[in-house]
Amino acid sequence: MSEGALPTDDAVLRVDDLQKSFGGLAATDHATFAVERGTITGLIGPNGAGKSTLFNLISGFYEPDGGTVEVNGTDVTGMEPYQVADHGLIRTFQTPRKLEGMTVREAMLVGPRKQPGESFLRLFASPGTVGESESANLADAERILEEFEIDHLAAQPATDISGGQMKLVELARAMLAEPEVLLLDEPVAGVNPTLAKKLKSQIRRLNEQGTTFLLIEHDMEFVMDLADPIVVLDQGHVLTEGTPEGVRSDDRVIDAYLGGGT
Amino acid sequence: MSALTDPKGAIAELTRPEGWVLGVSVAFLLFLLAALLTGALGPTYFLFLVGLAGMYALLSFGLNAQWGFTGLINFSVAAFFGIGAYGSALMTASGSPIAGGFNPLVGLVVALVVALVLALLIGIPTLRLRADYLAIASLGLAEVMRLIVLNERWLTNGSAGVRGIPGFFSGWPVLSTFPETMPGLRLEVIPGSPVILETAFWRASLNVLLVLAFAGTVYYVLRRAHRSPWGRVLRTIRSDEDLARALGKNTYSFKMQSFVLGSLIMALAGVFYTHLNLYVGPGDLDPITTFYAWVAVILGGSGSNRGALFGGIVIVTIREGTRFLNDVALPIDPAPLRLLLIGVVIVAVMRYRPQGILPPQRELIWPSAVDGRGTPETPDSGVREQKGGGGDE
């Protein structure tokens with residue numbers, strides 16, 4: 001438990017005393033942790049530990065009952081998801097829905113934030129600017145598809161590709177939004193081992209290029225190999241955090257997973 | 001490649017349904033031409049039908065901008081249509097119980113502003129919620145509007161409707177007197193069945209000009225919008241709103257823009273209808289108009305502008321074409337047959353071509369961005385058509 005426990009000032013995401021209840025159930029119970037810039041932080045916990053709720057609270061999809069979320073030093077608590085995204089926090093979903101009637105290339109082009117062509121008036125007032133930004137985004141999209149080695153899918157209907165390929169496209173698209181911190185909700189759930197390996201190497205590559213990750217994952221082998229530090233959630237609060245080795249040998253973690261102890 | 005410089009190449013590029021629609025349209029036009037020349041179809045009535053087709057095309061465009069692009073379920077097409085119709089009628093008609101007598105351009109502006117306000121009023125509370133709430137609220141709005149028009153006699157004349165509506169071009173230079181100044185023409189292409197063109201014909205042709213201008217402008221705007229990043233966000237919302245939100249799109253604002261745009265187009269259809277029909281009554285707000293617009297959009301292919309255009313024309317053909325069945329001795333009255341026929345068409349389309357007859361096809365990327373790259377690998381035939389024609393048979 002070396003770096004994880006050390007308080008530093010370079011946290012890209014800081015969750016402080018976050019609370020959320022549904023009816024009488026405290027899904028998130030005074031959760032506090034931080035994601036340091038440049039890390040791949042893992043978020044694990046048994047089923048029902050509140051991982052997805054926490055993601056929804058951080059990304060603005062749920063409004064917390066108490067506590068704060070800070071992205072890049074800005075308090076984003078209670079903001080709309082699009083505003084949180086504007087501060088550099090992008091998230092993916094456990095089960096991405098497919099974009100009907102779009103090719104993979106078009107689905108990718110939804111990624112870039114604040115496109116001039118997203119303003120209805122500018123489509124007619126300054127079509128030149130719209131065209132330039134669209135050209136640039138198209139070039140970026142194709143470059144990233146190439147880096148992900150899925151450029152052969154570009155012209156495929158987004159509804160026709162496999163679930164695993166969709167996860168890769170999602171990750172690629174999220175990169176077009178230029179996130180400072182990217183929240184991945186079970187990136188390899190239901191993905192075959194070959195594609196999972198590919199996803200892992202891509203995440204690692206992007207991390208080396210400067211993107212910070214926070215990921216929920218049930219595949220222990222995957223998360224222990226990729227993430228450091230790891231935050232363990234149980235019944236809505238942070239049970240412990242630390243290196244993969246530290247977490248793996250922590251009795252409380254084993255108890256939480258096996259349902260013993262509490 | 002332009003269809004004008006290379007018609008053969010343009011035809012070869014068509015997908016099967018496109019070719020089919022083209023063929024049927026050409027045959028239909030020839031049939032109409034024959035009917036016109038033989039005198040079976042009066043030219044003035046024909047132009048009225050073209051105007052009506054344009055009106056339905058506008059309604060379908062409006063609904064397409066809401067449902068086809070964004071997935072917004074609006075059951076108050078008739079209400080926005082009625083606001084356009086009544087807004088313009090009440091401002092311009094000599095028989096208007098309120099203001100009246102204004103230039104039709106004033107009527108147009110007033111109608112659009114009222115439609116805008118109403119769209120905002122209904123959109124603000126519902127567009128933050130799930131899709132079903134807009135559906136329910138719009139259903140209510142349609143009925144409220146219909147009842148207001150029927151019962152608030154001081155405002156709308158109630159069930160008597162509004163009469164004395166001028167043509168759209170009244171008060172304009174040249175165009176206002178154009179029909180009267182044109183000479184009467186007598187054409188005799190087929191000996192023995194002369195076609196006579198008089199003032200009423202020229203008046204009707206002005207209306208056609210007007211609806212072509214309205215529909216042409218709207219089509220141009222929607223086409224550009226559909227291919228833009230703006231349209232792409234709407235299409236993303238249609239499939240997965242949460243995804244759009246997570247990627248930093250203010251989906252509430254986008255849905256509102258789409259809803260307002262569609263509502264304005266529907267009101268525009270109403271404004272045109274007022275000056276085409278020269279009378280509006282509470283019956284024009286009946287839910288059947290909403291139903292027709294939905295049929296047109298689903299039939300043509302949700303999300304497709306040309307599909308909406310095609311659907312609008314099909315609706316008018318069925319609606320008005322069945323009138324001619326009066327001439328044929330039938331065991332039942334043709335009026336119910338009309339709805340039956342529309343029902344059969346819907347069932348057939350849903351069964352054999354659920355995506356509609358002309359679904360949005362080509363990859364929708366801002367044209368100049370694609371052209372700049374020299375495009376050889378962008379798919380020319382559609383996204384759906386590419387799957388080896390799987391669902392097309």
# chains A, B, ... in the order shown; residues from 1 in each chain; ligands from 1
$ interface_residues --of "chain A" --to "chain B" --cutoff "7 Å" --atoms "only C-alpha atoms" --output "ChimeraX atom specification"
/A:81-83,85-86,90-91,97,99-103,110-111,113,117-120,131-132,134-135,155,157,177
$ write_last_selection --atoms "N, CA and C atoms" --output "compact mmCIF listing (two decimals), in the first residue's frame"
# COMPACT_ATOMS: atom_id res chain seq x y z
N PRO A 81 -24.71 15.25 -16.81
CA PRO A 81 -23.62 14.44 -17.38
C PRO A 81 -22.82 15.17 -18.46
N TYR A 82 -23.52 15.95 -19.30
CA TYR A 82 -22.77 16.60 -20.37
C TYR A 82 -21.81 17.66 -19.82
N GLN A 83 -22.19 18.25 -18.67
CA GLN A 83 -21.30 19.24 -18.07
C GLN A 83 -20.08 18.56 -17.45
N ALA A 85 -18.82 15.83 -18.51
CA ALA A 85 -17.99 15.45 -19.66
C ALA A 85 -17.17 16.64 -20.14
N ASP A 86 -17.76 17.83 -20.08
CA ASP A 86 -17.04 19.02 -20.49
C ASP A 86 -15.82 19.30 -19.61
N ILE A 90 -15.08 11.29 -19.11
CA ILE A 90 -15.93 10.57 -20.05
C ILE A 90 -16.13 9.15 -19.49
N ARG A 91 -17.31 8.59 -19.69
CA ARG A 91 -17.56 7.24 -19.21
C ARG A 91 -18.08 6.35 -20.33
N ARG A 97 -25.45 0.18 -26.23
CA ARG A 97 -26.48 -0.05 -27.24
C ARG A 97 -25.91 0.33 -28.59
N LEU A 99 -25.81 1.87 -32.36
CA LEU A 99 -26.41 3.02 -33.02
C LEU A 99 -27.00 2.59 -34.35
N GLU A 100 -28.32 2.59 -34.39
CA GLU A 100 -29.02 2.11 -35.58
C GLU A 100 -28.81 3.02 -36.77
N GLY A 101 -28.60 2.41 -37.92
CA GLY A 101 -28.51 3.18 -39.15
C GLY A 101 -27.22 3.96 -39.29
N MET A 102 -26.24 3.67 -38.44
CA MET A 102 -24.96 4.37 -38.58
C MET A 102 -23.87 3.34 -38.91
N THR A 103 -22.88 3.80 -39.66
CA THR A 103 -21.70 2.97 -39.83
C THR A 103 -20.80 3.18 -38.61
N VAL A 110 -19.44 10.66 -33.34
CA VAL A 110 -20.23 11.26 -32.26
C VAL A 110 -19.29 11.68 -31.12
N GLY A 111 -18.09 11.09 -31.11
CA GLY A 111 -17.17 11.27 -29.98
C GLY A 111 -16.67 12.67 -29.72
N ARG A 113 -15.95 16.32 -28.75
CA ARG A 113 -16.82 17.24 -28.01
C ARG A 113 -16.85 18.60 -28.70
N GLY A 117 -20.28 21.86 -35.89
CA GLY A 117 -21.45 21.38 -36.62
C GLY A 117 -22.58 20.91 -35.73
N GLU A 118 -22.38 20.96 -34.41
CA GLU A 118 -23.47 20.57 -33.52
C GLU A 118 -24.38 21.74 -33.23
N SER A 119 -24.03 22.91 -33.76
CA SER A 119 -24.92 24.07 -33.65
C SER A 119 -25.73 24.19 -34.93
N PHE A 120 -27.06 24.14 -34.78
CA PHE A 120 -27.94 24.15 -35.95
C PHE A 120 -27.70 25.40 -36.79
N GLY A 131 -17.40 22.11 -42.15
CA GLY A 131 -16.71 21.17 -43.03
C GLY A 131 -15.28 20.91 -42.58
N GLU A 132 -14.58 21.97 -42.19
CA GLU A 132 -13.20 21.81 -41.75
C GLU A 132 -13.11 20.93 -40.52
N GLU A 134 -15.28 18.80 -39.47
CA GLU A 134 -15.71 17.43 -39.80
C GLU A 134 -14.57 16.66 -40.48
N SER A 135 -13.84 17.34 -41.38
CA SER A 135 -12.70 16.70 -42.04
C SER A 135 -11.66 16.28 -41.01
N ALA A 155 -16.60 1.01 -42.43
CA ALA A 155 -17.80 1.18 -43.27
C ALA A 155 -18.90 0.20 -42.90
N PRO A 157 -22.03 -1.41 -40.86
CA PRO A 157 -23.10 -0.88 -40.01
C PRO A 157 -22.77 -1.17 -38.54
N ALA A 177 -13.19 11.97 -27.65
CA ALA A 177 -13.69 13.03 -26.77
C ALA A 177 -12.56 13.62 -25.93
$ select_by_dssp --residues "stretch 83-331 of chain B" --states "alpha helix (DSSP H)" --output "ChimeraX atom specification"
/B:83-92,104-126,131-151,153-156,178-181,199-226,229-239,241-246,251-277,287-300,305-321
$ residues_around --residues "A:Glu36" --least-positions-apart "5" --cutoff "7 Å" --atoms "only C-alpha atoms" --output "VMD selection string"
chain A and resid 10 to 12
$ residues_around --residues "stretch 54-61 of chain B" --least-positions-apart "5" --cutoff "6 Å" --atoms "only C-alpha atoms" --output "PDB file with C-alpha atoms, in the first residue's frame"
ATOM      1  CA  VAL B 211     -45.887  24.815 -51.660  1.00  0.00           C
ATOM      2  CA  ALA B 215     -41.306  22.133 -49.253  1.00  0.00           C
ATOM      3  CA  MET B 266     -46.042  21.338 -39.266  1.00  0.00           C
ATOM      4  CA  ALA B 269     -48.043  23.076 -43.585  1.00  0.00           C
ATOM      5  CA  ALA B 293     -48.489  12.009 -41.014  1.00  0.00           C
ATOM      6  CA  VAL B 297     -43.263   8.759 -42.231  1.00  0.00           C
ATOM      7  CA  ALA B 308     -41.317  11.361 -45.942  1.00  0.00           C
ATOM      8  CA  LEU B 309     -41.880  13.095 -49.265  1.00  0.00           C
ATOM      9  CA  GLY B 312     -46.880  12.186 -48.190  1.00  0.00           C
TER      10      GLY B 312
END
$ closest_residue --among "A:Val15, A:Ala256, A:Ala49, A:Val188" --to "A:Ala27" --atoms "only C-alpha atoms"
A:Ala49
$ residues_around --residues "B:Asn74" --least-positions-apart "5" --cutoff "8 Å" --atoms "only C-alpha atoms" --output "PyMOL selection string"
chain B and resi 63+66-67+134-135+138-139
$ decode --residues "stretch 123-214 of chain A" --atoms "C-alpha atoms" --output "PDB file, in the first residue's frame"
ATOM      1  CA  LEU A 123     -24.762  24.668 -40.382  1.00  0.00           C
ATOM      2  CA  PHE A 124     -26.145  27.526 -42.435  1.00  0.00           C
ATOM      3  CA  ALA A 125     -24.177  30.502 -41.144  1.00  0.00           C
ATOM      4  CA  SER A 126     -20.694  29.005 -41.451  1.00  0.00           C
ATOM      5  CA  PRO A 127     -20.765  25.722 -43.357  1.00  0.00           C
ATOM      6  CA  GLY A 128     -17.055  26.124 -44.126  1.00  0.00           C
ATOM      7  CA  THR A 129     -16.074  25.866 -40.466  1.00  0.00           C
ATOM      8  CA  VAL A 130     -18.351  22.870 -40.058  1.00  0.00           C
ATOM      9  CA  GLY A 131     -16.710  21.171 -43.028  1.00  0.00           C
ATOM     10  CA  GLU A 132     -13.200  21.811 -41.746  1.00  0.00           C
ATOM     11  CA  SER A 133     -13.901  20.429 -38.316  1.00  0.00           C
ATOM     12  CA  GLU A 134     -15.708  17.429 -39.799  1.00  0.00           C
ATOM     13  CA  SER A 135     -12.703  16.700 -42.037  1.00  0.00           C
ATOM     14  CA  ALA A 136     -10.352  16.923 -39.080  1.00  0.00           C
ATOM     15  CA  ASN A 137     -12.580  14.705 -36.938  1.00  0.00           C
ATOM     16  CA  LEU A 138     -12.920  12.191 -39.735  1.00  0.00           C
ATOM     17  CA  ALA A 139      -9.141  12.013 -40.067  1.00  0.00           C
ATOM     18  CA  ASP A 140      -8.785  11.588 -36.287  1.00  0.00           C
ATOM     19  CA  ALA A 141     -11.454   8.893 -36.244  1.00  0.00           C
ATOM     20  CA  GLU A 142      -9.731   6.913 -38.961  1.00  0.00           C
ATOM     21  CA  ARG A 143      -6.334   7.291 -37.345  1.00  0.00           C
ATOM     22  CA  ILE A 144      -7.676   6.002 -34.027  1.00  0.00           C
ATOM     23  CA  LEU A 145      -9.501   3.128 -35.719  1.00  0.00           C
ATOM     24  CA  GLU A 146      -6.161   2.209 -37.302  1.00  0.00           C
ATOM     25  CA  GLU A 147      -4.341   2.388 -33.981  1.00  0.00           C
ATOM     26  CA  PHE A 148      -6.992   0.070 -32.560  1.00  0.00           C
ATOM     27  CA  GLU A 149      -6.555  -2.182 -35.587  1.00  0.00           C
ATOM     28  CA  ILE A 150     -10.253  -2.028 -36.418  1.00  0.00           C
ATOM     29  CA  ASP A 151     -10.089   0.272 -39.410  1.00  0.00           C
ATOM     30  CA  HIS A 152     -11.509  -2.537 -41.566  1.00  0.00           C
ATOM     31  CA  LEU A 153     -14.788  -2.081 -39.675  1.00  0.00           C
ATOM     32  CA  ALA A 154     -15.159   1.614 -40.551  1.00  0.00           C
ATOM     33  CA  ALA A 155     -17.797   1.184 -43.266  1.00  0.00           C
ATOM     34  CA  GLN A 156     -19.680  -1.612 -41.456  1.00  0.00           C
ATOM     35  CA  PRO A 157     -23.099  -0.880 -40.013  1.00  0.00           C
ATOM     36  CA  ALA A 158     -22.622  -0.329 -36.278  1.00  0.00           C
ATOM     37  CA  THR A 159     -25.409  -2.838 -35.672  1.00  0.00           C
ATOM     38  CA  ASP A 160     -23.488  -5.612 -37.431  1.00  0.00           C
ATOM     39  CA  ILE A 161     -20.300  -5.824 -35.400  1.00  0.00           C
ATOM     40  CA  SER A 162     -19.760  -8.192 -32.465  1.00  0.00           C
ATOM     41  CA  GLY A 163     -20.121  -7.197 -28.824  1.00  0.00           C
ATOM     42  CA  GLY A 164     -16.364  -7.332 -28.328  1.00  0.00           C
ATOM     43  CA  GLN A 165     -15.705  -5.185 -31.354  1.00  0.00           C
ATOM     44  CA  MET A 166     -18.332  -2.770 -30.065  1.00  0.00           C
ATOM     45  CA  LYS A 167     -16.357  -2.438 -26.820  1.00  0.00           C
ATOM     46  CA  LEU A 168     -13.268  -1.564 -28.828  1.00  0.00           C
ATOM     47  CA  VAL A 169     -15.211   0.983 -30.861  1.00  0.00           C
ATOM     48  CA  GLU A 170     -16.572   2.466 -27.632  1.00  0.00           C
ATOM     49  CA  LEU A 171     -13.097   2.879 -26.226  1.00  0.00           C
ATOM     50  CA  ALA A 172     -11.870   4.336 -29.509  1.00  0.00           C
ATOM     51  CA  ARG A 173     -14.779   6.747 -29.627  1.00  0.00           C
ATOM     52  CA  ALA A 174     -14.256   7.828 -26.039  1.00  0.00           C
ATOM     53  CA  MET A 175     -10.685   8.754 -26.991  1.00  0.00           C
ATOM     54  CA  LEU A 176     -12.038  11.148 -29.624  1.00  0.00           C
ATOM     55  CA  ALA A 177     -13.691  13.028 -26.773  1.00  0.00           C
ATOM     56  CA  GLU A 178     -10.156  13.608 -25.425  1.00  0.00           C
ATOM     57  CA  PRO A 179     -10.874  12.657 -21.831  1.00  0.00           C
ATOM     58  CA  GLU A 180      -8.539  13.430 -18.973  1.00  0.00           C
ATOM     59  CA  VAL A 181     -10.055  10.592 -17.054  1.00  0.00           C
ATOM     60  CA  LEU A 182     -11.961   7.754 -18.660  1.00  0.00           C
ATOM     61  CA  LEU A 183     -14.373   5.617 -16.659  1.00  0.00           C
ATOM     62  CA  LEU A 184     -14.769   2.133 -18.112  1.00  0.00           C
ATOM     63  CA  ASP A 185     -17.692   0.042 -16.892  1.00  0.00           C
ATOM     64  CA  GLU A 186     -16.689  -3.621 -17.295  1.00  0.00           C
ATOM     65  CA  PRO A 187     -14.672  -3.228 -20.488  1.00  0.00           C
ATOM     66  CA  VAL A 188     -14.168  -6.968 -21.014  1.00  0.00           C
ATOM     67  CA  ALA A 189     -17.469  -8.419 -19.794  1.00  0.00           C
ATOM     68  CA  GLY A 190     -18.622 -10.888 -22.429  1.00  0.00           C
ATOM     69  CA  VAL A 191     -15.574 -10.267 -24.604  1.00  0.00           C
ATOM     70  CA  ASN A 192     -13.606 -13.214 -25.968  1.00  0.00           C
ATOM     71  CA  PRO A 193     -10.037 -13.678 -24.642  1.00  0.00           C
ATOM     72  CA  THR A 194      -8.322 -12.509 -27.822  1.00  0.00           C
ATOM     73  CA  LEU A 195     -10.242  -9.250 -27.931  1.00  0.00           C
ATOM     74  CA  ALA A 196      -9.855  -8.836 -24.171  1.00  0.00           C
ATOM     75  CA  LYS A 197      -6.109  -9.032 -24.614  1.00  0.00           C
ATOM     76  CA  LYS A 198      -6.322  -6.423 -27.336  1.00  0.00           C
ATOM     77  CA  LEU A 199      -8.401  -4.160 -25.122  1.00  0.00           C
ATOM     78  CA  LYS A 200      -5.896  -4.548 -22.318  1.00  0.00           C
ATOM     79  CA  SER A 201      -2.974  -3.556 -24.503  1.00  0.00           C
ATOM     80  CA  GLN A 202      -4.908  -0.602 -25.877  1.00  0.00           C
ATOM     81  CA  ILE A 203      -5.787   0.652 -22.401  1.00  0.00           C
ATOM     82  CA  ARG A 204      -2.152   0.307 -21.401  1.00  0.00           C
ATOM     83  CA  ARG A 205      -0.988   2.153 -24.513  1.00  0.00           C
ATOM     84  CA  LEU A 206      -3.441   5.008 -23.995  1.00  0.00           C
ATOM     85  CA  ASN A 207      -2.439   5.232 -20.354  1.00  0.00           C
ATOM     86  CA  GLU A 208       1.210   5.572 -21.349  1.00  0.00           C
ATOM     87  CA  GLN A 209       0.146   8.400 -23.645  1.00  0.00           C
ATOM     88  CA  GLY A 210      -1.369  10.206 -20.687  1.00  0.00           C
ATOM     89  CA  THR A 211      -4.995   9.143 -20.212  1.00  0.00           C
ATOM     90  CA  THR A 212      -6.061   8.298 -16.685  1.00  0.00           C
ATOM     91  CA  PHE A 213      -8.431   5.358 -16.258  1.00  0.00           C
ATOM     92  CA  LEU A 214     -10.891   4.254 -13.627  1.00  0.00           C
TER      93      LEU A 214
END
